[in-house]
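Below is the file work.cif, which contains mmCIF, C-alpha atoms.
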data_upload
loop_
_atom_site.label_atom_id
_atom_site.label_comp_id
_atom_site.auth_asym_id
_atom_site.auth_seq_id
_atom_site.Cartn_x
_atom_site.Cartn_y
_atom_site.Cartn_z
CA MET A 28 54.72 -125.16 -219.19
CA ASP A 29 56.22 -123.19 -222.02
CA LEU A 30 55.69 -124.51 -225.53
CA LEU A 31 58.66 -124.47 -227.88
CA PHE A 32 58.40 -124.67 -231.66
CA ALA A 33 60.86 -125.74 -234.35
CA ILE A 34 60.67 -126.62 -238.04
CA ASP A 35 61.93 -129.75 -239.76
CA ILE A 36 62.26 -128.37 -243.29
CA ASP A 37 63.17 -131.72 -244.88
CA LYS A 38 60.02 -133.44 -243.56
CA GLU A 39 57.91 -130.26 -243.63
CA GLU A 40 56.85 -130.73 -240.03
CA ILE A 41 56.48 -128.59 -236.94
CA ILE A 42 58.21 -129.98 -233.86
CA VAL A 43 56.39 -129.07 -230.66
CA SER A 44 58.12 -129.44 -227.30
CA GLU A 45 57.50 -128.13 -223.82
CA SER A 46 59.71 -126.98 -221.01
CA PRO A 47 58.56 -126.89 -217.40
CA LYS A 48 59.07 -123.38 -215.97
CA GLY A 49 62.28 -123.03 -213.99
CA THR A 50 64.02 -126.00 -215.59
CA ASN A 51 66.35 -126.64 -218.50
CA ARG A 52 64.47 -129.82 -219.44
CA ILE A 53 62.77 -130.02 -222.82
CA ASP A 54 60.15 -132.71 -223.45
CA PHE A 55 58.99 -133.68 -226.93
CA VAL A 56 55.23 -133.25 -227.43
CA GLU A 57 54.47 -134.00 -231.08
CA ARG A 58 55.21 -133.45 -234.75
CA ILE A 59 52.59 -131.82 -236.95
CA LYS A 60 52.71 -132.20 -240.72
CA ARG A 61 52.51 -129.03 -242.76
CA GLN A 62 49.37 -130.39 -244.48
CA GLU A 63 47.62 -130.65 -241.10
CA ASN A 64 48.09 -126.96 -240.28
CA ASP A 65 49.73 -124.84 -242.97
CA MET A 66 49.10 -121.59 -241.08
CA LEU A 67 50.94 -122.83 -237.97
CA PHE A 68 53.77 -124.13 -240.18
CA HIS A 69 54.27 -120.68 -241.72
CA ALA A 70 53.99 -118.96 -238.32
CA VAL A 71 56.73 -121.18 -236.88
CA LEU A 72 58.80 -120.63 -240.03
CA THR A 73 58.47 -116.87 -239.44
CA LEU A 74 59.37 -117.30 -235.77
CA THR A 75 62.50 -119.20 -236.83
CA SER A 76 63.42 -116.46 -239.30
CA ILE A 77 63.03 -113.81 -236.61
CA SER A 78 65.32 -115.74 -234.26
CA LYS A 79 68.03 -115.93 -236.95
CA SER A 80 67.86 -112.24 -237.87
CA PRO A 81 71.01 -110.18 -237.30
CA ASP A 82 68.66 -107.41 -236.10
CA PHE A 83 66.96 -109.69 -233.55
CA ASP A 84 64.23 -107.88 -231.62
CA VAL A 85 62.99 -109.71 -228.52
CA LYS A 86 59.62 -107.88 -228.55
CA ILE A 87 58.89 -109.00 -232.10
CA PHE A 88 60.04 -112.55 -231.27
CA LYS A 89 57.76 -112.73 -228.23
CA ALA A 90 54.81 -111.39 -230.23
CA MET A 91 55.32 -114.00 -232.95
CA ASP A 92 55.74 -116.71 -230.31
CA LYS A 93 52.34 -115.71 -228.89
CA VAL A 94 50.83 -116.10 -232.36
CA CYS A 95 52.35 -119.60 -232.61
CA GLN A 96 51.03 -120.48 -229.15
CA MET A 97 47.51 -119.33 -230.06
CA LEU A 98 47.53 -121.20 -233.38
CA TYR A 99 48.73 -124.36 -231.66
CA ILE A 100 46.04 -124.12 -228.97
CA LYS A 101 43.42 -123.63 -231.68
CA HIS A 102 44.87 -126.63 -233.58
CA LYS A 103 44.57 -128.81 -230.47
CA GLY A 104 40.97 -127.69 -230.03
CA ASN A 105 39.96 -128.94 -233.49
#
Same coordinates, now as structure tokens:
Amino acid sequence: MDLLFAIDIDKEEIIVSESPKGTNRIDFVERIKRQENDMLFHAVLTLTSISKSPDFDVKIFKAMDKVCQMLYIKHKGN
């Protein structure tokens, strides 16, 4: 499974989804309020900014995605 992250700015929430490898299907996992994990919120916000950059760099995007994945896994462990 690959985790996917998005931001709902209006509600200040992280939207977490997953996509089984080799498919185009995306399954909703959960929403996390900014107050529950501010660091993850800002990491996903940065990931979103990187993806919108006119100078998009896939290596930087993948590195930031790894940070988001690690923060999410740590969040689930708490």
Exercise for the section: Have a look at atom CA of Val43 of chain A and atom CA of Arg58 of chain A and let me know their distance in Å, one decimal. Expected result: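 Spanning atom CA of Val43 of chain A to atom CA of Arg58 of chain A is a straight-line distance of 6.1 Å.
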Practice task
Please measure the separation of atom CA of Leu72 of chain A and atom CA of Gly49 of chain A, giving the value in Å to one decimal.
Solution key: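 Calculated distance between atom CA of Leu72 of chain A and atom CA of Gly49 of chain A is 26.4 Å.
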Handout entry: Expected selection from the PyMOL selection byres ((chain A and resi 64) around 10), given as a VMD selection string
Key = chain A and resid 40 to 41 59 to 63 65 to 69 98 to 99 102
Practice task
Work out how far atom CA of Ala90 of chain A is from atom CA of Asn51 of chain A, in Å to one decimal.
Solution key: 22.4 Å
Practice task
Please provide as a ChimeraX atom specification all residues within 10 Å of Ala70 of chain A, with the sequence filter that same-chain residues fewer than 5 positions apart are discarded (counting only C-alpha atoms).
Solution key: /A:32,65,75-76,91-92,94-96,98
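Around the point (60.1, -128.7, -223.2), within 9 Å and counting all atoms listed in the file, we find these residues: Met28, Asp29, Leu30, Leu31, Val43, Ser44, Glu45, Ser46, Pro47, Thr50, Asn51, Arg52, Ile53, Asp54, Phe55 and Val56 of chain A.
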Exercise for the section: Could you give me, as a PyMOL selection string, the residues that have an atom at most 9 Å away from the point (60.1, -111.0, -234.1) in the coordinates of the file, using only C-alpha atoms? Expected result: chain A and resi 73-78+80+83-92
